[in-house]
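start-v7.cif follows; it contains mmCIF, C-alpha atoms.
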```cif
data_final
#
loop_
_atom_site.label_atom_id
_atom_site.label_comp_id
_atom_site.auth_asym_id
_atom_site.auth_seq_id
_atom_site.Cartn_x
_atom_site.Cartn_y
_atom_site.Cartn_z
CA MET K 20 39.74 57.23 160.79
CA LEU K 21 41.31 59.81 158.47
CA LYS K 22 37.89 61.18 157.54
CA ALA K 23 36.97 61.48 161.22
CA ILE K 24 40.24 63.16 162.27
CA THR K 25 39.90 65.60 159.37
CA THR K 26 36.32 66.39 160.38
CA LEU K 27 37.38 67.02 163.99
CA LEU K 28 40.23 69.30 162.90
CA VAL K 29 38.00 71.23 160.49
CA PHE K 30 35.53 71.93 163.29
CA GLN K 31 38.34 72.85 165.69
CA LEU K 32 39.68 75.30 163.14
CA ALA K 33 36.20 76.75 162.61
CA GLY K 34 35.84 77.11 166.39
CA GLU K 35 39.21 78.87 166.70
CA ILE K 36 38.33 81.26 163.88
CA LEU K 37 34.95 81.99 165.43
CA ALA K 38 36.57 82.60 168.85
CA GLN K 39 39.12 84.99 167.34
CA PHE K 40 36.79 87.03 165.19
CA ALA K 41 33.50 86.99 167.06
CA GLY K 42 35.26 87.83 170.34
CA LEU K 43 33.24 85.20 172.18
CA PRO K 44 34.45 84.48 175.74
CA LEU K 45 34.84 80.73 175.06
CA PRO K 46 37.88 78.68 173.99
CA GLY K 47 38.00 77.66 170.32
CA PRO K 48 37.60 73.90 170.96
CA VAL K 49 34.43 74.45 173.01
CA LEU K 50 32.95 76.53 170.17
CA GLY K 51 34.09 73.90 167.66
CA MET K 52 32.31 71.26 169.69
CA ALA K 53 29.11 73.33 169.65
CA LEU K 54 29.42 73.71 165.86
CA LEU K 55 29.88 69.96 165.38
CA MET K 56 26.86 69.33 167.61
CA LEU K 57 24.75 71.62 165.43
CA ALA K 58 26.05 69.93 162.28
CA LEU K 59 25.27 66.45 163.64
CA LEU K 60 21.81 67.54 164.73
CA GLY K 61 21.22 68.91 161.22
CA PHE K 62 22.50 65.63 159.76
CA GLY K 63 20.09 63.74 162.02
CA ARG K 64 22.48 61.10 163.43
CA THR K 65 26.14 60.41 164.28
CA PRO K 66 27.77 58.44 161.43
CA ASP K 67 29.57 55.20 162.36
CA TRP K 68 32.98 56.39 161.12
CA LEU K 69 32.78 59.36 163.48
CA ASN K 70 31.41 57.28 166.39
CA GLU K 71 34.40 54.93 166.20
CA THR K 72 37.09 57.61 166.25
CA ALA K 73 35.32 59.73 168.87
CA ASP K 74 34.99 56.71 171.17
CA VAL K 75 38.69 55.81 170.81
CA LEU K 76 39.75 59.41 171.53
CA LEU K 77 37.50 59.71 174.56
CA ARG K 78 38.47 56.32 175.96
CA HIS K 79 42.03 57.68 176.22
CA PHE K 80 40.98 61.22 177.11
CA SER K 81 42.96 61.07 180.41
CA LEU K 82 46.23 60.50 178.55
CA LEU K 83 45.83 63.89 176.88
CA PHE K 84 46.01 65.66 180.26
CA VAL K 85 49.39 64.17 181.16
CA PRO K 86 51.62 66.82 179.48
CA ALA K 87 49.73 69.69 181.14
CA SER K 88 49.83 67.90 184.50
CA VAL K 89 53.59 67.44 184.27
CA GLY K 90 53.66 71.26 183.91
CA LEU K 91 53.00 71.33 187.65
CA MET K 92 56.76 70.81 188.09
CA GLN K 93 57.41 74.40 186.99
CA TYR K 94 55.53 75.74 190.00
CA LEU K 95 56.78 73.38 192.69
CA SER K 96 58.96 76.03 194.35
CA ARG K 97 56.08 78.50 194.43
CA ILE K 98 53.74 75.89 195.85
CA GLU K 99 56.36 74.82 198.42
CA ALA K 100 56.31 78.23 200.11
CA GLU K 101 52.59 77.92 200.98
CA TRP K 102 52.00 74.21 200.48
CA LEU K 103 49.81 73.65 203.55
CA PRO K 104 47.04 76.19 202.80
CA ILE K 105 47.20 75.24 199.12
CA VAL K 106 46.86 71.47 199.63
CA VAL K 107 44.19 71.73 202.35
CA THR K 108 42.20 74.28 200.32
CA LEU K 109 42.30 72.06 197.22
CA ILE K 110 41.04 69.04 199.16
CA VAL K 111 38.34 70.86 201.17
CA SER K 112 37.05 72.86 198.22
CA THR K 113 36.99 69.89 195.82
CA VAL K 114 35.12 67.64 198.28
CA ILE K 115 32.56 70.29 199.27
CA SER K 116 31.80 71.46 195.74
CA ILE K 117 31.48 67.98 194.19
CA ALA K 118 29.13 66.98 197.01
CA ALA K 119 27.12 70.24 196.74
CA SER K 120 26.77 69.95 192.97
CA ALA K 121 25.74 66.26 192.99
CA LEU K 122 23.29 66.69 195.91
CA THR K 123 21.71 69.70 194.20
CA PHE K 124 21.32 67.74 190.95
CA VAL K 125 19.59 64.86 192.72
CA ALA K 126 17.34 67.10 194.84
CA VAL K 127 16.22 69.28 191.92
CA ALA K 128 15.71 66.26 189.65
CA LYS K 129 13.37 64.83 192.27
CA LEU K 130 11.59 68.18 192.65
CA VAL K 131 10.86 68.61 188.92
CA GLY K 132 10.07 64.93 188.34
CA ALA K 133 13.23 64.16 186.32
CA ALA K 134 14.28 61.12 188.35
CA PRO K 135 16.94 58.92 186.69
CA ARG K 136 15.75 56.12 184.44
CA ASP K 137 17.15 52.63 184.98
CA ASP K 138 19.98 53.10 182.48
CA GLU K 139 20.97 56.30 184.27
CA ARG K 140 21.42 54.65 187.66
CA LYS K 141 24.53 52.98 189.01
CA ALA K 142 23.83 49.38 189.97
CA ALA K 143 23.44 48.91 193.72
CA PRO K 144 26.67 47.64 195.30
CA MET G 9 80.28 55.01 178.32
CA ASN G 10 80.98 57.76 175.83
CA ASP G 11 78.63 56.01 173.40
CA LEU G 12 75.88 56.03 176.00
CA VAL G 13 76.38 59.75 176.55
CA ASN G 14 76.19 60.31 172.81
CA ILE G 15 72.98 58.33 172.52
CA TRP G 16 71.51 60.30 175.41
CA VAL G 17 72.54 63.63 173.87
CA TYR G 18 70.98 62.57 170.58
CA LEU G 19 67.73 61.31 172.14
CA ALA G 20 67.37 64.18 174.59
CA SER G 21 67.33 66.64 171.70
CA SER G 22 64.58 64.85 169.74
CA PRO G 23 60.88 64.89 170.54
CA LEU G 24 60.73 61.09 170.16
CA LEU G 25 62.10 60.28 173.61
CA TRP G 26 59.63 62.20 175.79
CA LEU G 27 56.68 61.43 173.55
CA THR G 28 57.43 57.72 173.93
CA VAL G 29 58.02 58.08 177.67
CA THR G 30 54.65 59.84 178.06
CA LEU G 31 52.83 56.99 176.31
CA LEU G 32 54.75 54.25 178.13
CA VAL G 33 54.31 55.76 181.58
CA TYR G 34 50.62 56.44 180.98
CA GLY G 35 50.26 52.86 179.76
CA PHE G 36 51.83 51.72 183.02
CA GLY G 37 49.45 53.94 185.02
CA HIS G 38 46.48 52.54 183.11
CA TRP G 39 47.72 48.98 183.73
CA CYS G 40 48.02 49.74 187.48
CA MET G 41 44.44 51.07 187.49
CA GLN G 42 43.11 47.92 185.81
CA LYS G 43 45.16 45.65 188.11
CA SER G 44 43.68 47.44 191.12
CA GLY G 45 40.18 46.64 189.88
CA ASN G 46 39.58 50.27 188.75
CA ASN G 47 40.34 51.61 192.23
CA PRO G 48 39.77 55.40 191.91
CA ALA G 49 42.83 56.16 194.05
CA VAL G 50 45.00 54.54 191.36
CA ASN G 51 44.60 57.39 188.88
CA PRO G 52 46.61 56.99 185.64
CA VAL G 53 47.08 60.77 185.15
CA ALA G 54 48.46 61.21 188.68
CA ILE G 55 50.75 58.17 188.36
CA ALA G 56 52.04 59.28 184.97
CA ALA G 57 52.58 62.91 186.01
CA ILE G 58 54.45 62.00 189.21
CA LEU G 59 56.71 59.43 187.49
CA ILE G 60 57.50 61.78 184.60
CA ILE G 61 58.28 64.70 186.95
CA LEU G 62 60.67 62.41 188.87
CA LEU G 63 62.28 61.26 185.60
CA LEU G 64 62.71 64.84 184.39
CA GLN G 65 64.15 66.06 187.66
CA GLY G 66 66.41 63.01 187.93
CA SER G 67 67.78 63.55 184.43
CA GLY G 68 67.98 67.34 184.76
CA THR G 69 65.55 67.84 181.85
CA SER G 70 63.52 71.05 181.64
CA TYR G 71 59.75 71.10 181.13
CA GLN G 72 60.32 72.93 177.83
CA THR G 73 62.41 70.03 176.49
CA TYR G 74 59.84 67.53 177.74
CA PHE G 75 57.02 69.47 176.11
CA GLU G 76 58.72 69.41 172.69
CA GLY G 77 57.90 65.70 172.66
CA ALA G 78 54.73 65.72 174.74
CA GLN G 79 53.12 68.48 172.67
CA PHE G 80 51.90 65.88 170.18
CA VAL G 81 49.80 64.27 172.91
CA HIS G 82 48.77 67.68 174.26
CA PHE G 83 47.67 68.76 170.79
CA MET G 84 45.10 65.95 170.63
CA LEU G 85 43.14 67.63 173.45
CA GLY G 86 41.58 69.99 170.88
CA PRO G 87 40.20 67.29 168.56
CA ALA G 88 39.13 65.23 171.61
CA ILE G 89 37.08 68.15 172.93
CA ILE G 90 35.45 68.50 169.49
CA ALA G 91 34.76 64.74 169.62
CA LEU G 92 32.69 65.27 172.80
CA ALA G 93 29.93 66.47 170.45
CA VAL G 94 29.42 62.86 169.31
CA PRO G 95 28.34 61.29 172.65
CA LEU G 96 26.48 64.52 173.46
CA VAL G 97 24.35 64.19 170.33
CA ARG G 98 23.88 60.44 170.94
CA ASN G 99 22.53 61.21 174.42
CA LEU G 100 20.71 64.44 173.66
CA PRO G 101 17.26 63.26 174.86
CA LYS G 102 18.78 62.46 178.28
CA VAL G 103 20.45 65.88 178.44
CA ARG G 104 17.28 67.66 177.39
CA ALA G 105 15.23 65.87 180.05
CA SER G 106 17.63 67.02 182.79
CA LEU G 107 18.01 70.69 181.89
CA ILE G 108 16.67 72.11 185.15
CA PRO G 109 18.67 69.90 187.55
CA MET G 110 21.75 70.67 185.41
CA ILE G 111 21.36 74.43 185.68
CA ALA G 112 20.78 74.23 189.45
CA ALA G 113 23.78 71.94 189.99
CA LEU G 114 25.89 74.20 187.78
CA PHE G 115 25.20 77.36 189.79
CA VAL G 116 25.55 75.64 193.16
CA GLY G 117 28.68 73.71 192.16
CA ALA G 118 30.44 76.61 190.44
CA SER G 119 29.80 79.11 193.24
CA THR G 120 30.58 76.59 196.01
CA ALA G 121 33.90 75.87 194.31
CA VAL G 122 34.87 79.56 194.44
CA ILE G 123 33.46 80.40 197.89
CA SER G 124 34.91 77.31 199.60
CA ALA G 125 38.33 77.90 198.02
CA VAL G 126 38.50 81.57 199.06
CA LEU G 127 37.20 80.96 202.60
CA THR G 128 39.47 77.99 203.29
CA ALA G 129 42.54 79.73 201.90
CA VAL G 130 41.89 82.89 203.92
CA TRP G 131 41.20 80.84 207.07
CA LEU G 132 44.51 79.00 206.65
CA GLY G 133 46.38 82.26 206.19
CA ALA G 134 47.25 82.05 202.50
CA THR G 135 48.60 85.27 200.97
CA PRO G 136 46.10 87.27 198.86
CA ALA G 137 47.92 86.35 195.63
CA VAL G 138 47.59 82.61 196.38
CA THR G 139 43.94 82.98 197.49
CA LEU G 140 43.02 84.83 194.30
CA SER G 141 44.95 82.33 192.18
CA MET G 142 42.88 79.50 193.66
CA ALA G 143 39.46 81.12 193.12
CA PRO G 144 38.98 80.10 189.44
CA LYS G 145 40.51 76.59 189.78
CA SER G 146 37.42 74.62 188.68
CA VAL G 147 37.21 75.92 185.14
CA THR G 148 39.21 74.73 182.14
CA THR G 149 42.83 76.08 182.07
CA PRO G 150 42.79 78.88 179.44
CA ILE G 151 39.68 80.44 180.98
CA ALA G 152 40.97 80.02 184.56
CA MET G 153 44.23 81.79 183.67
CA GLY G 154 42.34 84.67 182.08
CA ILE G 155 40.14 85.13 185.16
CA SER G 156 43.16 84.91 187.48
CA GLU G 157 44.90 87.71 185.62
CA ARG G 158 41.82 89.95 185.78
CA ILE G 159 41.31 89.55 189.55
CA GLY G 160 44.98 89.95 190.49
CA GLY G 161 46.05 86.32 190.88
CA LEU G 162 49.09 84.62 189.34
CA PRO G 163 47.94 82.93 186.10
CA SER G 164 50.72 80.30 186.14
CA LEU G 165 49.93 79.34 189.74
CA THR G 166 46.27 79.13 188.74
CA ALA G 167 47.22 76.68 185.96
CA ALA G 168 48.86 74.46 188.60
CA MET G 169 45.76 74.71 190.85
CA VAL G 170 43.52 73.73 187.91
CA VAL G 171 45.61 70.58 187.41
CA GLY G 172 45.48 69.81 191.14
CA THR G 173 41.70 70.22 191.32
CA GLY G 174 41.26 68.08 188.24
CA VAL G 175 43.31 65.12 189.44
CA LEU G 176 42.03 65.36 193.02
CA GLY G 177 38.39 65.46 191.90
CA ALA G 178 38.91 62.47 189.60
CA ILE G 179 40.29 60.51 192.57
CA ILE G 180 37.76 61.68 195.17
CA VAL G 181 34.51 61.61 193.19
CA THR G 182 33.80 57.85 193.31
CA PRO G 183 34.29 57.20 197.05
CA LEU G 184 32.68 60.54 197.99
CA LEU G 185 29.49 60.04 195.98
CA ASN G 186 29.30 56.36 197.03
CA LEU G 187 29.43 57.59 200.62
CA LEU G 188 26.59 60.03 199.89
CA ARG G 189 24.67 57.16 198.22
CA ILE G 190 24.24 59.05 194.96
CA ARG G 191 23.61 56.48 192.25
CA ASP G 192 22.36 58.82 189.53
CA TRP G 193 25.03 58.73 186.77
CA ARG G 194 23.88 62.14 185.55
CA ALA G 195 24.51 63.75 188.95
CA ARG G 196 27.81 61.92 189.45
CA GLY G 197 29.13 62.98 186.06
CA PHE G 198 27.79 66.51 186.20
CA ALA G 199 29.35 67.19 189.62
CA VAL G 200 32.83 66.03 188.62
CA GLY G 201 32.62 67.94 185.32
CA THR G 202 31.61 71.14 187.11
CA VAL G 203 34.42 70.95 189.67
CA SER G 204 37.21 69.05 187.91
CA HIS G 205 36.77 70.22 184.27
CA GLY G 206 38.48 68.06 181.58
CA VAL G 207 40.24 65.65 183.94
CA GLY G 208 36.85 65.02 185.58
CA VAL G 209 35.25 64.44 182.17
CA ALA G 210 37.99 61.93 181.32
CA ARG G 211 37.40 60.08 184.58
CA ALA G 212 33.63 60.09 184.02
CA PHE G 213 34.01 58.56 180.53
CA GLN G 214 36.20 55.81 182.01
CA VAL G 215 33.36 54.87 184.33
CA HIS G 216 30.10 55.31 182.33
CA GLU G 217 29.01 57.00 179.10
CA VAL G 218 26.05 58.82 180.69
CA ALA G 219 28.35 60.17 183.42
CA GLY G 220 30.80 61.26 180.72
CA VAL G 221 28.15 63.09 178.71
CA PHE G 222 26.88 65.01 181.74
CA ALA G 223 30.44 65.82 182.80
CA ALA G 224 31.10 67.23 179.33
CA MET G 225 27.95 69.38 179.54
CA ALA G 226 29.13 70.67 182.92
CA LEU G 227 32.59 71.49 181.55
CA CYS G 228 31.10 73.63 178.77
CA LEU G 229 28.45 75.34 180.90
CA ASN G 230 31.01 76.09 183.62
CA ALA G 231 33.21 77.78 181.03
CA LEU G 232 30.28 80.15 180.47
CA ILE G 233 29.42 81.04 184.07
CA THR G 234 32.68 80.87 186.08
CA PRO G 235 34.08 84.02 184.38
CA ILE G 236 30.99 85.83 185.73
CA VAL G 237 30.79 84.09 189.13
CA VAL G 238 34.42 84.52 190.23
CA PRO G 239 34.70 88.34 190.03
CA VAL G 240 31.31 88.72 191.78
CA ILE G 241 32.25 86.43 194.69
CA VAL G 242 35.76 87.82 194.99
CA GLY G 243 34.22 91.31 195.05
CA LEU G 244 31.85 90.31 197.86
CA LEU G 245 34.64 88.70 199.92
CA LYS G 246 37.18 91.42 199.19
CA GLY G 247 37.36 92.60 202.80
CA MET G 248 38.39 89.13 203.95
CA ILE G 249 41.04 88.49 201.32
CA GLY G 250 42.91 91.62 202.40
#
```
I need this file expressed as C-alpha cells, please.
Amino acid sequence: MLKAITTLLVFQLAGEILAQFAGLPLPGPVLGMALLMLALLGFGRTPDWLNETADVLLRHFSLLFVPASVGLMQYLSRIEAEWLPIVVTLIVSTVISIAASALTFVAVAKLVGAAPRDDERKAAP
Amino acid sequence: MNDLVNIWVYLASSPLLWLTVTLLVYGFGHWCMQKSGNNPAVNPVAIAAILIILLLQGSGTSYQTYFEGAQFVHFMLGPAIIALAVPLVRNLPKVRASLIPMIAALFVGASTAVISAVLTAVWLGATPAVTLSMAPKSVTTPIAMGISERIGGLPSLTAAMVVGTGVLGAIIVTPLLNLLRIRDWRARGFAVGTVSHGVGVARAFQVHEVAGVFAAMALCLNALITPIVVPVIVGLLKGMIG
C-alpha cells in the first residue's frame, strides 16, 4: 500500500516536472500516467502490490470528483441567468456526441475487422 | 445551546468536518446506487454533490471553507489518474488491436461534442460568452479552462459545464447505448470517456474493466486533440456565434 502510493506520487511528481519544463500541452497527471505506463512496459508486468492499490483507487474513482462537482455551487447565479439554453445544450450535446462516438467505434471496428471478442461484449439482456 | 454553537464554530473551522461529510454523503450515494440495482440514474457523484451543496447553503458555509476539508479527497485525483496506467498496461493487447476504431471515434466524438454544443446554444439564443464557454466542455477541467480563456469564454463557467457534462454523460450512457444496441464494451467505454472525461471514466470502471480502460484512453487522447479541434470549429462557426 505505502509502496504503491509512493510510486504513484513519484510518477505524478515526474509528470508535473515534465509538464512544467518541457512545456507540453498536457496536464502533469496525464504525463505521469504515460511515464508509469512506459515503466511498467519496461518492467514487463504490473506487480501485485501496485495492482491492488490501483484497483482500490479506481473502484472509488467517482468519489474523487465530488469536491470539484460541489464547486458548481459557485456558478449557480451565473447559470441561473441562462439556465434553459445551458441545460438543453448540455443534454443535447452529451447525447449526440456519446452516440456518435460509440456508433463510429462500432462501425469502424467492423470495417477493419476488429470486432469485439467475447470478453469485450456486454452479455445480451 | 451555547455549547452547540461553540462545537459548531470549532468544527466549522477545521477540515475534519467537511472531509467526513464528503465521505459519508458519497457513501450514502453509493449505497443508494447499489440498492437501486446499479440504476444509472442513481449516480453517486450527483447525489453527493446535490446533498452537499444543500448542506453548505443551509449552513451558510462557503465553497472555500468546504474545500479546506474536501481538498484531501480532491488531491487523490492525481494519484488515481497515474494509477490508470495499471489497467491500461494489463489490457494493452486489447487497446492495440482497436487503434483504428479508437482514432475514428475520438475525432468524431470530440468534434461532435463541440459542434453540437455551439449549434444548440446559438439556436437557443445563448449569449456568445456562454456559447464559447460551453464549446470545450468534454475535455478534462484544466485543459477546458485553458481553451475557454483563449477563445473568449469564461473559464469558471466552463469548469461548471465540464462538471455538468461529466455527470450527465455518466447517467445517460447506459440507457442510451442500450437503446442503440451497442454491446461492445470498448465502444461504450470509449464514447463516455471522450465526452464525459474523468467522471465518465469513473462510471465506466464501475461497470466493466474493459469499458474503463477504453474510457481512460479516450480521456487522454481527447486531452491531446480538443485543444486543436475547439479553436478550428469555433473559427468556422464564428459568424453564427456573433
Would you mind listing, for every residue of stretch 23-135 of chain K within 12 Å of stretch 220-227 of chain G, the two atoms forming the shortest contact and the distance between them in Å to one decimal, using all atoms listed in the file, sorted by chain and ascending residue number, as JSON lines?
```
{"residue": "K:Leu45", "atom": "CA", "partner": "G:Leu227", "partner_atom": "CA", "distance": 11.5}
{"residue": "K:Pro46", "atom": "CA", "partner": "G:Leu227", "partner_atom": "CA", "distance": 11.7}
{"residue": "K:Pro48", "atom": "CA", "partner": "G:Leu227", "partner_atom": "CA", "distance": 12.0}
{"residue": "K:Val49", "atom": "CA", "partner": "G:Leu227", "partner_atom": "CA", "distance": 9.2}
{"residue": "K:Met52", "atom": "CA", "partner": "G:Ala224", "partner_atom": "CA", "distance": 10.5}
{"residue": "K:Ala53", "atom": "CA", "partner": "G:Met225", "partner_atom": "CA", "distance": 10.7}
{"residue": "K:Met56", "atom": "CA", "partner": "G:Met225", "partner_atom": "CA", "distance": 12.0}
{"residue": "K:Asp74", "atom": "CA", "partner": "G:Gly220", "partner_atom": "CA", "distance": 11.4}
{"residue": "K:Leu77", "atom": "CA", "partner": "G:Gly220", "partner_atom": "CA", "distance": 9.2}
{"residue": "K:Arg78", "atom": "CA", "partner": "G:Gly220", "partner_atom": "CA", "distance": 10.3}
{"residue": "K:Phe80", "atom": "CA", "partner": "G:Gly220", "partner_atom": "CA", "distance": 10.8}
{"residue": "K:Ile117", "atom": "CA", "partner": "G:Ala223", "partner_atom": "CA", "distance": 11.6}
{"residue": "K:Ser120", "atom": "CA", "partner": "G:Ala226", "partner_atom": "CA", "distance": 10.3}
{"residue": "K:Ala121", "atom": "CA", "partner": "G:Ala223", "partner_atom": "CA", "distance": 11.2}
{"residue": "K:Phe124", "atom": "CA", "partner": "G:Phe222", "partner_atom": "CA", "distance": 11.1}
```
Exercise answer, chain G residues close to chain K, 6 Å and only C-alpha atoms, as a JSON list (two decimals) with C-alpha atoms, in the coordinates of the input:
```
[["chain", "number", "residue", "atom", "x", "y", "z"],
["G", 53, "VAL", "CA", 47.08, 60.77, 185.15],
["G", 57, "ALA", "CA", 52.58, 62.91, 186.01],
["G", 78, "ALA", "CA", 54.73, 65.72, 174.74],
["G", 81, "VAL", "CA", 49.80, 64.27, 172.91],
["G", 82, "HIS", "CA", 48.77, 67.68, 174.26],
["G", 85, "LEU", "CA", 43.14, 67.63, 173.45],
["G", 86, "GLY", "CA", 41.58, 69.99, 170.88],
["G", 87, "PRO", "CA", 40.20, 67.29, 168.56],
["G", 88, "ALA", "CA", 39.13, 65.23, 171.61],
["G", 90, "ILE", "CA", 35.45, 68.50, 169.49],
["G", 91, "ALA", "CA", 34.76, 64.74, 169.62],
["G", 93, "ALA", "CA", 29.93, 66.47, 170.45],
["G", 109, "PRO", "CA", 18.67, 69.90, 187.55],
["G", 113, "ALA", "CA", 23.78, 71.94, 189.99],
["G", 116, "VAL", "CA", 25.55, 75.64, 193.16],
["G", 117, "GLY", "CA", 28.68, 73.71, 192.16],
["G", 120, "THR", "CA", 30.58, 76.59, 196.01],
["G", 121, "ALA", "CA", 33.90, 75.87, 194.31],
["G", 124, "SER", "CA", 34.91, 77.31, 199.60],
["G", 125, "ALA", "CA", 38.33, 77.90, 198.02],
["G", 128, "THR", "CA", 39.47, 77.99, 203.29],
["G", 129, "ALA", "CA", 42.54, 79.73, 201.90],
["G", 132, "LEU", "CA", 44.51, 79.00, 206.65],
["G", 134, "ALA", "CA", 47.25, 82.05, 202.50],
["G", 168, "ALA", "CA", 48.86, 74.46, 188.60],
["G", 171, "VAL", "CA", 45.61, 70.58, 187.41],
["G", 191, "ARG", "CA", 23.61, 56.48, 192.25],
["G", 192, "ASP", "CA", 22.36, 58.82, 189.53],
["G", 193, "TRP", "CA", 25.03, 58.73, 186.77],
["G", 195, "ALA", "CA", 24.51, 63.75, 188.95],
["G", 196, "ARG", "CA", 27.81, 61.92, 189.45],
["G", 199, "ALA", "CA", 29.35, 67.19, 189.62],
["G", 210, "ALA", "CA", 37.99, 61.93, 181.32]]
```
I'd like the box whose edges run along x, y and z of the file and which contains every listed atom of stretch 204-209 of chain G, padded by 6 Å per side; could you state its centre and edge lengths in Å, one decimal, as AutoDock Vina command-line options?
```
--center_x 37.7 --center_y 67.3 --center_z 184.7 --size_x 17.0 --size_y 17.8 --size_z 18.3
```
* Tell me, as a list in words, which residues lie within 12 Å of G:Leu245, counting all atoms listed in the file; anything in the same chain fewer than 4 positions away does not count. =>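 In the requested format, the answer is Val122, Ile123, Ser124, Ala125, Val126, Leu127, Val130, Pro136, Thr139, Leu140, Ala143, Val238, Pro239, Val240, Ile241, Ile249 and Gly250 of chain G.
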* To do: For the file shown, report as a PyMOL selection string the outcome of the PyMOL selection byres ((chain G and resi 49) around 9) at residue level.
  => chain G and resi 41+46-48+50-51+178-180
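Taking atom CA of G:Arg189 as the reference point, atom CA of G:Thr173 is found at 22.5 Å.
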* Excluding G:Pro235 and residues on its chain fewer than 4 positions from it, collect all residues at most 10 Å away from it, counting all atoms listed in the file, and give them as an MDAnalysis selection string. => (chainID K and resid 44:45) or (chainID G and resid 144 147 151:152 154:156 158 230:231 239:240)
* Asked: Which one is closest to G:Ser67: G:Trp131, G:Phe213, G:Trp26, G:Phe198? Count all atoms listed in the file.
  ->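 When distances to G:Ser67 are compared using all atoms listed in the file, the smallest one comes from G:Trp26.
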* To do: Quick one: pull the distance between atom CA of G:Pro183 and atom CA of G:Ser204, Å, one decimal.
  => 15.2 Å
